[in-house]
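Structure file final_18.pdb with PDB, C-alpha atoms:
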```pdb
ATOM      1  CA  MET L 244     -30.242  76.221  33.820
ATOM      2  CA  THR L 245     -33.932  75.231  33.659
ATOM      3  CA  ASP L 246     -36.493  76.304  31.078
ATOM      4  CA  ALA L 247     -38.135  78.759  33.480
ATOM      5  CA  SER L 248     -34.907  80.290  34.693
ATOM      6  CA  ILE L 249     -33.273  83.440  33.456
ATOM      7  CA  GLU L 250     -29.717  84.238  34.375
ATOM      8  CA  VAL L 251     -28.672  87.869  34.643
ATOM      9  CA  TRP L 252     -24.940  88.336  34.840
ATOM     10  CA  ARG L 253     -23.441  91.582  36.083
ATOM     11  CA  ILE L 254     -20.123  92.416  34.482
ATOM     12  CA  ALA L 255     -17.948  95.032  36.138
ATOM     13  CA  LEU L 256     -16.183  96.627  33.185
ATOM     14  CA  GLN L 257     -12.580  97.474  33.925
ATOM     15  CA  ALA L 258     -10.571 100.518  32.893
ATOM     16  CA  ALA L 259      -8.720 100.021  29.617
ATOM     17  CA  GLY L 260      -5.468  98.198  30.285
ATOM     18  CA  SER L 261      -6.416  96.942  33.738
ATOM     19  CA  ILE L 262      -7.447  93.464  32.633
ATOM     20  CA  GLU L 263      -5.506  91.290  30.271
ATOM     21  CA  HIS L 264      -6.758  92.894  27.080
ATOM     22  CA  GLY L 265      -5.081  90.166  25.016
ATOM     23  CA  ALA L 266      -6.956  87.410  26.869
ATOM     24  CA  ALA L 267     -10.278  89.165  26.284
ATOM     25  CA  LEU L 268      -9.465  89.964  22.665
ATOM     26  CA  ALA L 269      -8.478  86.329  22.080
ATOM     27  CA  GLN L 270     -12.113  85.285  22.694
ATOM     28  CA  LEU L 271     -13.404  87.417  19.807
ATOM     29  CA  ASP L 272     -13.837  86.433  16.175
ATOM     30  CA  ALA L 273     -12.555  88.424  13.200
ATOM     31  CA  PRO L 274     -15.665  90.622  12.697
ATOM     32  CA  GLU L 275     -15.678  91.526  16.400
ATOM     33  CA  ARG L 276     -11.989  92.386  16.317
ATOM     34  CA  ALA L 277     -12.554  94.509  13.234
ATOM     35  CA  ARG L 278     -15.350  96.326  15.021
ATOM     36  CA  ALA L 279     -13.159  96.835  18.079
ATOM     37  CA  ALA L 280     -10.529  98.369  15.834
ATOM     38  CA  ARG L 281     -13.016 100.927  14.512
ATOM     39  CA  PHE L 282     -13.457 102.628  17.903
ATOM     40  CA  LEU L 283     -11.560 105.883  18.003
ATOM     41  CA  SER L 284     -10.524 105.751  21.648
ATOM     42  CA  ASP L 285      -9.309 103.108  24.075
ATOM     43  CA  GLU L 286     -12.045 103.140  26.739
ATOM     44  CA  PRO L 287     -15.043 102.353  24.519
ATOM     45  CA  ARG L 288     -12.905  99.853  22.576
ATOM     46  CA  SER L 289     -11.916  98.091  25.772
ATOM     47  CA  ARG L 290     -15.490  98.048  27.076
ATOM     48  CA  TYR L 291     -16.701  96.539  23.798
ATOM     49  CA  VAL L 292     -14.004  93.846  23.898
ATOM     50  CA  GLN L 293     -14.803  93.048  27.536
ATOM     51  CA  CYS L 294     -18.553  92.794  26.824
ATOM     52  CA  ARG L 295     -18.038  90.431  23.920
ATOM     53  CA  ALA L 296     -15.475  88.310  25.763
ATOM     54  CA  ALA L 297     -17.758  87.995  28.808
ATOM     55  CA  LEU L 298     -20.769  87.201  26.613
ATOM     56  CA  ARG L 299     -18.857  84.468  24.770
ATOM     57  CA  THR L 300     -17.597  83.018  28.033
ATOM     58  CA  LEU L 301     -21.109  82.896  29.535
ATOM     59  CA  LEU L 302     -22.709  81.451  26.389
ATOM     60  CA  GLY L 303     -19.902  78.909  26.037
ATOM     61  CA  ARG L 304     -20.389  77.763  29.606
ATOM     62  CA  ALA L 305     -24.193  77.491  29.246
ATOM     63  CA  LEU L 306     -23.877  75.594  25.954
ATOM     64  CA  ASP L 307     -20.835  73.551  26.930
ATOM     65  CA  ALA L 308     -19.069  74.951  23.892
ATOM     66  CA  ASP L 309     -15.790  76.683  23.120
ATOM     67  CA  PRO L 310     -16.544  80.429  23.542
ATOM     68  CA  ARG L 311     -14.263  81.239  20.623
ATOM     69  CA  ALA L 312     -16.144  78.900  18.276
ATOM     70  CA  LEU L 313     -19.530  80.595  18.750
ATOM     71  CA  SER L 314     -20.945  82.513  15.825
ATOM     72  CA  PHE L 315     -23.614  85.174  15.731
ATOM     73  CA  ALA L 316     -26.187  86.525  13.311
ATOM     74  CA  GLU L 317     -28.782  89.269  13.372
ATOM     75  CA  GLY L 318     -32.538  88.748  13.484
ATOM     76  CA  PRO L 319     -34.900  90.576  11.100
ATOM     77  CA  HIS L 320     -34.708  93.793  13.151
ATOM     78  CA  GLY L 321     -31.014  93.529  13.956
ATOM     79  CA  LYS L 322     -31.272  91.638  17.255
ATOM     80  CA  PRO L 323     -28.087  89.609  17.852
ATOM     81  CA  LEU L 324     -28.729  85.844  17.882
ATOM     82  CA  LEU L 325     -26.671  82.677  18.065
ATOM     83  CA  ALA L 326     -25.911  81.158  14.667
ATOM     84  CA  GLY L 327     -24.233  77.990  13.393
ATOM     85  CA  ALA L 328     -24.339  74.787  15.455
ATOM     86  CA  HIS L 329     -25.969  76.540  18.411
ATOM     87  CA  ALA L 330     -28.584  78.575  16.529
ATOM     88  CA  GLY L 331     -31.747  78.834  18.646
ATOM     89  CA  ALA L 332     -30.206  76.949  21.587
ATOM     90  CA  LEU L 333     -30.238  79.905  23.934
ATOM     91  CA  HIS L 334     -31.691  83.400  24.017
ATOM     92  CA  PHE L 335     -29.475  86.212  25.197
ATOM     93  CA  ASN L 336     -29.313  89.974  25.357
ATOM     94  CA  VAL L 337     -26.622  92.438  26.419
ATOM     95  CA  SER L 338     -26.691  96.016  27.665
ATOM     96  CA  HIS L 339     -24.012  98.260  29.051
ATOM     97  CA  SER L 340     -23.817 101.727  30.493
ATOM     98  CA  GLY L 341     -20.943 103.369  32.290
ATOM     99  CA  GLU L 342     -18.842 100.753  34.046
ATOM    100  CA  LEU L 343     -21.431  97.989  34.112
ATOM    101  CA  ALA L 344     -22.752  95.486  31.593
ATOM    102  CA  LEU L 345     -25.600  93.015  32.021
ATOM    103  CA  VAL L 346     -26.024  89.776  30.092
ATOM    104  CA  ALA L 347     -29.363  87.932  30.224
ATOM    105  CA  LEU L 348     -29.550  84.247  29.267
ATOM    106  CA  ALA L 349     -32.776  82.241  28.849
ATOM    107  CA  ARG L 350     -33.675  78.917  27.262
ATOM    108  CA  ALA L 351     -37.446  79.260  26.923
ATOM    109  CA  ALA L 352     -38.098  82.612  25.268
ATOM    110  CA  PRO L 353     -36.516  85.818  23.991
ATOM    111  CA  VAL L 354     -35.205  88.248  26.576
ATOM    112  CA  GLY L 355     -34.391  91.935  26.448
ATOM    113  CA  ILE L 356     -32.311  93.761  29.008
ATOM    114  CA  ASP L 357     -31.420  97.405  29.511
ATOM    115  CA  ILE L 358     -29.224  99.227  31.993
ATOM    116  CA  GLU L 359     -28.702 102.957  32.300
ATOM    117  CA  ARG L 360     -26.381 104.838  34.588
ATOM    118  CA  TRP L 361     -28.141 107.729  36.243
ATOM    119  CA  ARG L 362     -27.019 111.122  35.115
ATOM    120  CA  PRO L 363     -28.773 114.441  35.522
ATOM    121  CA  LEU L 364     -30.861 114.999  32.429
ATOM    122  CA  GLU L 365     -31.280 118.489  31.138
ATOM    123  CA  GLU L 366     -34.543 119.223  29.432
ATOM    124  CA  ILE L 367     -36.033 116.041  30.780
ATOM    125  CA  GLU L 368     -39.505 117.357  29.983
ATOM    126  CA  ARG L 369     -38.689 117.367  26.276
ATOM    127  CA  LEU L 370     -37.177 113.875  26.439
ATOM    128  CA  ALA L 371     -40.295 112.755  28.262
ATOM    129  CA  GLU L 372     -42.384 113.582  25.211
ATOM    130  CA  LYS L 373     -40.457 110.930  23.288
ATOM    131  CA  VAL L 374     -40.563 108.335  26.048
ATOM    132  CA  PHE L 375     -43.940 108.527  27.772
ATOM    133  CA  SER L 376     -47.408 107.890  26.474
ATOM    134  CA  GLU L 377     -49.842 110.729  27.076
ATOM    135  CA  LYS L 378     -51.344 109.082  30.175
ATOM    136  CA  GLU L 379     -47.928 108.273  31.596
ATOM    137  CA  ARG L 380     -46.795 111.819  31.029
ATOM    138  CA  GLU L 381     -49.779 113.223  32.919
ATOM    139  CA  ARG L 382     -48.923 111.044  35.897
ATOM    140  CA  TRP L 383     -45.218 111.816  35.592
ATOM    141  CA  LEU L 384     -45.730 115.587  35.549
ATOM    142  CA  ALA L 385     -47.503 115.331  38.917
ATOM    143  CA  LEU L 386     -44.311 113.972  40.552
ATOM    144  CA  THR L 387     -41.582 115.922  42.352
ATOM    145  CA  PRO L 388     -38.407 116.729  40.332
ATOM    146  CA  ASP L 389     -36.453 113.931  42.071
ATOM    147  CA  GLU L 390     -39.221 111.420  41.469
ATOM    148  CA  ARG L 391     -39.385 112.513  37.847
ATOM    149  CA  GLN L 392     -35.714 111.645  37.274
ATOM    150  CA  ARG L 393     -36.137 108.228  38.907
ATOM    151  CA  GLU L 394     -39.362 107.410  37.090
ATOM    152  CA  PHE L 395     -37.918 108.569  33.777
ATOM    153  CA  TYR L 396     -35.106 106.042  34.019
ATOM    154  CA  ARG L 397     -37.416 103.317  35.313
ATOM    155  CA  HIS L 398     -39.815 103.709  32.378
ATOM    156  CA  TRP L 399     -36.958 104.089  29.916
ATOM    157  CA  THR L 400     -35.265 100.842  30.932
ATOM    158  CA  LEU L 401     -38.557  98.894  31.056
ATOM    159  CA  LYS L 402     -39.512 100.079  27.586
ATOM    160  CA  GLU L 403     -36.055  99.576  26.143
ATOM    161  CA  ALA L 404     -36.031  96.056  27.581
ATOM    162  CA  ILE L 405     -39.293  95.275  25.761
ATOM    163  CA  LEU L 406     -38.037  96.732  22.495
ATOM    164  CA  LYS L 407     -34.781  94.823  22.829
ATOM    165  CA  ALA L 408     -36.652  91.583  23.556
ATOM    166  CA  CYS L 409     -38.635  92.163  20.354
ATOM    167  CA  GLY L 410     -35.448  93.068  18.522
ATOM    168  CA  ALA L 411     -36.918  96.417  17.556
ATOM    169  CA  GLY L 412     -34.438  98.741  19.279
ATOM    170  CA  ILE L 413     -35.139 102.416  19.611
ATOM    171  CA  THR L 414     -36.469 102.636  16.056
ATOM    172  CA  GLN L 415     -39.878 101.846  17.538
ATOM    173  CA  SER L 416     -41.657 104.529  19.472
ATOM    174  CA  LEU L 417     -41.045 104.307  23.210
ATOM    175  CA  ALA L 418     -44.117 106.446  23.761
ATOM    176  CA  ALA L 419     -46.234 103.823  21.973
ATOM    177  CA  ILE L 420     -45.575 101.434  24.839
ATOM    178  CA  GLY L 421     -47.867 102.810  27.475
ATOM    179  CA  ALA L 422     -48.150 101.842  31.106
ATOM    180  CA  GLY L 423     -51.589 100.661  32.093
ATOM    181  CA  ASP L 424     -54.070 103.502  31.821
ATOM    182  CA  THR L 425     -56.042 102.483  34.900
ATOM    183  CA  PRO L 426     -55.259 104.794  37.828
ATOM    184  CA  GLY L 427     -52.839 103.192  40.227
ATOM    185  CA  THR L 428     -51.267 100.853  37.687
ATOM    186  CA  ALA L 429     -48.238 102.974  36.859
ATOM    187  CA  ARG L 430     -46.012 100.278  38.317
ATOM    188  CA  GLY L 431     -48.016  97.447  36.795
ATOM    189  CA  PRO L 432     -47.519  95.587  33.554
ATOM    190  CA  LEU L 433     -46.974  97.703  30.508
ATOM    191  CA  ASP L 434     -49.354  97.447  27.624
ATOM    192  CA  ALA L 435     -48.367  98.246  24.065
ATOM    193  CA  PRO L 436     -51.385  98.017  21.811
ATOM    194  CA  GLU L 437     -49.506  97.656  18.534
ATOM    195  CA  LEU L 438     -46.077  96.380  19.365
ATOM    196  CA  LEU L 439     -47.008  93.685  21.803
ATOM    197  CA  ARG L 440     -49.465  91.675  19.726
ATOM    198  CA  ASP L 441     -48.482  88.685  17.671
ATOM    199  CA  ALA L 442     -49.243  88.200  13.991
ATOM    200  CA  PHE L 443     -52.808  87.119  14.835
ATOM    201  CA  GLY L 444     -53.483  90.167  16.967
ATOM    202  CA  THR L 445     -53.256  88.325  20.273
ATOM    203  CA  PRO L 446     -51.677  90.383  23.050
ATOM    204  CA  LEU L 447     -48.355  88.901  24.054
ATOM    205  CA  ARG L 448     -47.794  88.191  27.719
ATOM    206  CA  TRP L 449     -44.712  89.928  28.982
ATOM    207  CA  SER L 450     -42.959  89.530  32.249
ATOM    208  CA  LEU L 451     -41.150  92.687  33.273
ATOM    209  CA  LEU L 452     -38.614  92.655  36.036
ATOM    210  CA  GLU L 453     -36.744  95.560  37.537
ATOM    211  CA  ILE L 454     -33.166  94.656  38.338
ATOM    212  CA  GLU L 455     -31.104  96.048  41.199
ATOM    213  CA  ALA L 456     -27.830  96.234  39.310
ATOM    214  CA  ALA L 457     -25.842  98.698  41.420
ATOM    215  CA  PRO L 458     -26.283 102.054  43.140
ATOM    216  CA  GLY L 459     -26.572 104.787  40.536
ATOM    217  CA  TYR L 460     -27.956 102.470  37.870
ATOM    218  CA  CYS L 461     -31.446 101.549  36.705
ATOM    219  CA  ALA L 462     -32.029  98.257  34.909
ATOM    220  CA  ALA L 463     -34.889  96.108  33.662
ATOM    221  CA  LEU L 464     -35.524  92.817  31.916
ATOM    222  CA  ALA L 465     -38.389  91.797  29.632
ATOM    223  CA  THR L 466     -39.222  88.262  28.615
ATOM    224  CA  GLN L 467     -42.016  86.138  27.224
ATOM    225  CA  CYS L 468     -41.004  83.145  29.313
ATOM    226  CA  PRO L 469     -44.145  81.179  30.179
ATOM    227  CA  GLY L 470     -45.211  81.259  33.790
ATOM    228  CA  ARG L 471     -43.300  83.182  36.369
ATOM    229  CA  PRO L 472     -39.639  83.367  35.415
ATOM    230  CA  VAL L 473     -37.044  82.560  38.035
ATOM    231  CA  LEU L 474     -34.344  85.164  37.988
ATOM    232  CA  ALA L 475     -30.824  84.361  39.122
ATOM    233  CA  GLN L 476     -28.419  87.290  39.384
ATOM    234  CA  ARG L 477     -24.722  86.591  39.396
ATOM    235  CA  ALA L 478     -21.479  88.514  39.130
ATOM    236  CA  PHE L 479     -19.098  87.670  36.302
ATOM    237  CA  ASP L 480     -15.605  86.677  37.353
ATOM    238  CA  TRP L 481     -12.934  87.775  34.898
ATOM    239  CA  ARG L 482     -10.866  84.744  35.874
ATOM    240  CA  ALA L 483     -13.448  82.687  33.943
ATOM    241  CA  LEU L 484     -11.955  83.808  30.610
ATOM    242  CA  SER L 485     -10.453  80.950  28.620
ATOM    243  CA  PRO L 486      -6.659  81.141  28.623
TER     244      PRO L 486
ATOM    245  CA  MET D  75     -24.458 125.665   2.981
ATOM    246  CA  ASN D  76     -22.702 122.599   1.653
ATOM    247  CA  ASP D  77     -22.402 119.009   2.890
ATOM    248  CA  SER D  78     -19.239 119.828   4.794
ATOM    249  CA  ASP D  79     -21.081 122.501   6.791
ATOM    250  CA  ILE D  80     -23.837 120.028   7.650
ATOM    251  CA  GLN D  81     -21.265 117.469   8.741
ATOM    252  CA  ILE D  82     -19.588 120.032  10.994
ATOM    253  CA  ALA D  83     -22.942 121.008  12.488
ATOM    254  CA  ILE D  84     -23.691 117.361  13.287
ATOM    255  CA  LYS D  85     -20.242 116.800  14.773
ATOM    256  CA  ASP D  86     -20.809 119.896  16.856
ATOM    257  CA  ILE D  87     -23.885 118.309  18.420
ATOM    258  CA  ILE D  88     -22.100 114.991  18.960
ATOM    259  CA  ALA D  89     -19.155 116.822  20.566
ATOM    260  CA  GLN D  90     -21.501 118.207  23.231
ATOM    261  CA  ILE D  91     -22.917 114.759  23.948
ATOM    262  CA  ALA D  92     -19.618 112.829  23.786
ATOM    263  CA  PRO D  93     -17.072 115.487  24.831
ATOM    264  CA  ASP D  94     -14.226 113.016  25.413
ATOM    265  CA  GLU D  95     -14.178 111.670  21.869
ATOM    266  CA  ASP D  96     -11.825 112.882  19.122
ATOM    267  CA  LEU D  97     -14.308 113.327  16.300
ATOM    268  CA  SER D  98     -11.727 114.464  13.760
ATOM    269  CA  GLN D  99     -11.032 110.830  12.902
ATOM    270  CA  LEU D 100     -14.672 109.805  12.353
ATOM    271  CA  ASP D 101     -15.178 107.805   9.172
ATOM    272  CA  PRO D 102     -18.379 109.256   7.670
ATOM    273  CA  ALA D 103     -19.338 105.945   6.089
ATOM    274  CA  VAL D 104     -19.059 103.826   9.252
ATOM    275  CA  ARG D 105     -21.812 103.598  11.856
ATOM    276  CA  LEU D 106     -21.291 106.191  14.588
ATOM    277  CA  ARG D 107     -21.964 103.670  17.349
ATOM    278  CA  GLU D 108     -19.146 101.494  16.018
ATOM    279  CA  GLN D 109     -16.650 104.346  16.372
ATOM    280  CA  ILE D 110     -17.670 106.212  19.503
ATOM    281  CA  GLU D 111     -19.621 105.295  22.579
ATOM    282  CA  LEU D 112     -23.192 106.453  22.013
ATOM    283  CA  ASP D 113     -26.053 104.768  23.812
ATOM    284  CA  SER D 114     -29.760 105.045  23.062
ATOM    285  CA  MET D 115     -30.191 108.013  25.371
ATOM    286  CA  ASP D 116     -27.264 109.825  23.729
ATOM    287  CA  PHE D 117     -28.884 109.175  20.393
ATOM    288  CA  LEU D 118     -32.153 110.641  21.626
ATOM    289  CA  ASP D 119     -30.156 113.654  22.819
ATOM    290  CA  ILE D 120     -28.887 114.169  19.258
ATOM    291  CA  VAL D 121     -32.442 114.027  17.935
ATOM    292  CA  MET D 122     -33.589 116.517  20.568
ATOM    293  CA  GLU D 123     -30.721 118.915  19.758
ATOM    294  CA  LEU D 124     -31.660 118.824  16.073
ATOM    295  CA  ARG D 125     -35.139 119.886  17.058
ATOM    296  CA  LYS D 126     -33.934 122.562  19.474
ATOM    297  CA  LEU D 127     -31.305 124.106  17.202
ATOM    298  CA  TYR D 128     -32.923 123.732  13.824
ATOM    299  CA  GLY D 129     -36.557 122.801  14.349
ATOM    300  CA  VAL D 130     -35.934 119.480  12.600
ATOM    301  CA  GLN D 131     -38.291 116.698  13.699
ATOM    302  CA  VAL D 132     -36.945 113.185  13.277
ATOM    303  CA  PRO D 133     -39.632 110.507  13.695
ATOM    304  CA  GLU D 134     -38.560 107.174  15.222
ATOM    305  CA  ALA D 135     -38.982 105.407  11.891
ATOM    306  CA  ASP D 136     -36.209 107.607  10.452
ATOM    307  CA  TYR D 137     -33.639 107.069  13.219
ATOM    308  CA  LYS D 138     -31.894 104.463  11.102
ATOM    309  CA  GLU D 139     -31.055 107.191   8.556
ATOM    310  CA  LEU D 140     -28.826 108.821  11.184
ATOM    311  CA  ALA D 141     -26.626 105.759  11.769
ATOM    312  CA  THR D 142     -23.608 107.246   9.960
ATOM    313  CA  LEU D 143     -22.340 110.779   9.385
ATOM    314  CA  ASP D 144     -22.990 110.358   5.649
ATOM    315  CA  GLY D 145     -26.517 109.187   6.462
ATOM    316  CA  CYS D 146     -27.055 112.226   8.688
ATOM    317  CA  VAL D 147     -25.908 114.589   5.935
ATOM    318  CA  ASN D 148     -28.141 112.973   3.313
ATOM    319  CA  TYR D 149     -31.150 112.946   5.613
ATOM    320  CA  LEU D 150     -30.698 116.455   6.962
ATOM    321  CA  ARG D 151     -29.671 118.231   3.736
ATOM    322  CA  PRO D 152     -33.222 119.001   2.573
ATOM    323  CA  LYS D 153     -34.443 119.647   6.114
ATOM    324  CA  LEU D 154     -31.679 122.180   6.835
ATOM    325  CA  ALA D 155     -31.910 123.999   3.504
ATOM    326  CA  GLY D 156     -32.037 127.740   4.078
ATOM    327  CA  LYS D 157     -31.290 127.508   7.801
ATOM    328  CA  THR D 158     -28.353 129.043   9.631
ATOM    329  CA  LEU D 159     -26.109 126.361  11.069
ATOM    330  CA  HIS D 160     -24.587 126.624  14.534
ATOM    331  CA  CYS D 161     -21.010 125.448  14.206
ATOM    332  CA  ALA D 162     -19.358 126.630  17.391
ATOM    333  CA  ALA D 163     -16.627 124.019  17.473
ATOM    334  CA  ARG D 164     -14.956 123.143  14.206
ATOM    335  CA  VAL D 165     -14.267 119.507  15.062
TER     336      VAL D 165
END
```
Starting from the coordinates I provided, produce the structure as structure tokens.
Amino acid sequence: MTDASIEVWRIALQAAGSIEHGAALAQLDAPERARAARFLSDEPRSRYVQCRAALRTLLGRALDADPRALSFAEGPHGKPLLAGAHAGALHFNVSHSGELALVALARAAPVGIDIERWRPLEEIERLAEKVFSEKERERWLALTPDERQREFYRHWTLKEAILKACGAGITQSLAAIGAGDTPGTARGPLDAPELLRDAFGTPLRWSLLEIEAAPGYCAALATQCPGRPVLAQRAFDWRALSP
Amino acid sequence: MNDSDIQIAIKDIIAQIAPDEDLSQLDPAVRLREQIELDSMDFLDIVMELRKLYGVQVPEADYKELATLDGCVNYLRPKLAGKTLHCAARV
């Protein structure tokens, strides 16, 4: 893995009980197992265990480390980070929706990734108020109903990816991250006047990439990797779990 | 209206958004997203339902107050004072 490369791993989450739950659970540390135990039903518990086991396996392979020995901490805004011996060695981010999870790995700079399974959204116009800037909303309202659904998810995942790269999560306003206000730039780089400036007020350069994860899903990745990041998409093989 | 009524009203909204979950076992002190599967869009749905049903506006900066059921009750208590709660499903 080179400095400019970003790996995006697609993880096909299995129905509870259909993979060796014990093998996946064995990769987790005590806090993760405790969290798994707090889920009230089997499916979300299993998906959580699978996500963590796959993440540990991928990080372990990239760092040449025992996946079970990795430890994690949270950044100032709650973004999960590597801790202990491997603190700062690799940037990663995880997202899951429905039966798919994505893990992004990068050496050079923080990454944020978001995936959403398409579902019909009722009252999408009201949700749009929370998600779009005023200019974006004007453009969005001019679209057909089908285009509106698609563009809603596309903007949502792009913005969530930026917030996740920053570590801010949804507690920051999605609507504050506006697409370029110049006509014709709706698909261009996003510009967030407040969020995307560093401590000295300099606009941060973001690379935004839309990811073809699977039919029925919308996904995006945000990174501050210098230059043009090289994206490698791969499918996770459950046989890679440590015995 | 007491805290129990508010909790039921919140569970009622969550039950619409996550209909497959058994909410009777929710621990009010533990983060909702650690007990049931709620993604960011589900969470936004909850916020939108609060606005639709009760006219309660929750700014993004306050989302963290809604992380647990107890947090929801504490945050919403003053905002729901004097309002009629919709508690269709006693979950």
Practice prompt. For the structure provided, state which residues fall under the PyMOL selection byres ((chain D) within 12 of (chain L)), and present them as a PyMOL selection string.
Written response: chain D and resi 91-92+94-101+103-123+125-126+131-141
Discussion item. Could you check the closest approach to Asn76 in chain D for each of D:Leu124, D:Val130, D:Leu159, D:Ile88 and tell me which residue wins, using only C-alpha atoms?
Written reply: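 So, comparing all the options, the nearest one is D:Leu159.
The two atoms in question, CA of Ala316 in chain L and CA of Met244 in chain L, are spaced 23.3 Å apart.
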Discussion item. Using only C-alpha atoms for the distances, tell me which of L:Lys407, L:Gln270, L:Arg295, L:His398 is nearest to His334 in chain L.
Written reply: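 Ranking L:Lys407, L:Gln270, L:Arg295, L:His398 by distance to His334 in chain L, first place goes to L:Lys407.
CA of Arg151 in chain D lies 7.4 Å from CA of Asp77 in chain D.
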Practice prompt. Run the PyMOL selection byres ((chain D and resi 158) around 12) against the file shown and list the residues it catches, as a count of residues only.
Written response: 16
Worksheet item: Near Ala296 in chain L, counting only C-alpha atoms, which residues have an atom at most 12 Å away, once you skip same-chain residues fewer than 6 positions from it, shown as an MDAnalysis selection string?
Response: chainID L and resid 254 256 262:272 275:276 279 289:290 302:303 309:311 313 337 344 346 479:486
Item to complete: Grab the CA of Arg477 in chain L to CA of Arg304 in chain L distance for me, in Å with one decimal place.
Response: 13.9 Å
Discussion item. I need every residue sitting at most 7 Å from the point (-23.8, 116.9, 10.6) (coordinates as in the file, all atoms listed in the file considered), written as a list in words.
Written reply: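 Those residues lying close to the given coordinates are Ile80, Gln81, Ile82, Ala83, Ile84, Lys85, Leu143, Cys146 and Val147 of chain D.
Of the residues listed (L:Glu379, L:Glu390, L:Glu342, L:Asp357), L:Glu342 shows the shortest atom-to-atom separation from Gly459 in chain L; distances use only C-alpha atoms.
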Could you write range 76-91 of chain D as a CSV table (one decimal), keeping the file's coordinate frame, with N, CA and C atoms rebuilt where they are missing?
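Output contents, as saved in out_11.csv:
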```csv
chain,number,residue,atom,x,y,z
D,76,ASN,N,-23.0,123.8,2.4
D,76,ASN,CA,-22.7,122.6,1.7
D,76,ASN,C,-22.7,121.4,2.6
D,77,ASP,N,-22.4,120.2,2.1
D,77,ASP,CA,-22.4,119.0,2.9
D,77,ASP,C,-21.4,119.1,4.0
D,78,SER,N,-20.3,119.7,3.8
D,78,SER,CA,-19.2,119.8,4.8
D,78,SER,C,-19.8,120.6,6.0
D,79,ASP,N,-20.5,121.7,5.7
D,79,ASP,CA,-21.1,122.5,6.8
D,79,ASP,C,-22.1,121.7,7.6
D,80,ILE,N,-22.9,120.9,6.9
D,80,ILE,CA,-23.8,120.0,7.6
D,80,ILE,C,-23.1,119.0,8.5
D,81,GLN,N,-22.0,118.5,8.0
D,81,GLN,CA,-21.3,117.5,8.7
D,81,GLN,C,-20.7,118.1,10.0
D,82,ILE,N,-20.2,119.3,9.8
D,82,ILE,CA,-19.6,120.0,11.0
D,82,ILE,C,-20.7,120.3,12.0
D,83,ALA,N,-21.8,120.7,11.6
D,83,ALA,CA,-22.9,121.0,12.5
D,83,ALA,C,-23.3,119.8,13.3
D,84,ILE,N,-23.3,118.6,12.6
D,84,ILE,CA,-23.7,117.4,13.3
D,84,ILE,C,-22.6,117.0,14.3
D,85,LYS,N,-21.3,117.1,13.9
D,85,LYS,CA,-20.2,116.8,14.8
D,85,LYS,C,-20.3,117.7,16.0
D,86,ASP,N,-20.7,118.9,15.8
D,86,ASP,CA,-20.8,119.9,16.9
D,86,ASP,C,-21.8,119.4,17.9
D,87,ILE,N,-22.9,118.9,17.5
D,87,ILE,CA,-23.9,118.3,18.4
D,87,ILE,C,-23.3,117.1,19.1
D,88,ILE,N,-22.7,116.2,18.4
D,88,ILE,CA,-22.1,115.0,19.0
D,88,ILE,C,-21.0,115.4,20.0
D,89,ALA,N,-20.2,116.4,19.7
D,89,ALA,CA,-19.2,116.8,20.6
D,89,ALA,C,-19.7,117.3,21.9
D,90,GLN,N,-20.9,117.8,21.9
D,90,GLN,CA,-21.5,118.2,23.2
D,90,GLN,C,-21.9,117.0,24.0
D,91,ILE,N,-22.4,116.0,23.3
D,91,ILE,CA,-22.9,114.8,23.9
D,91,ILE,C,-21.8,113.8,24.3
```
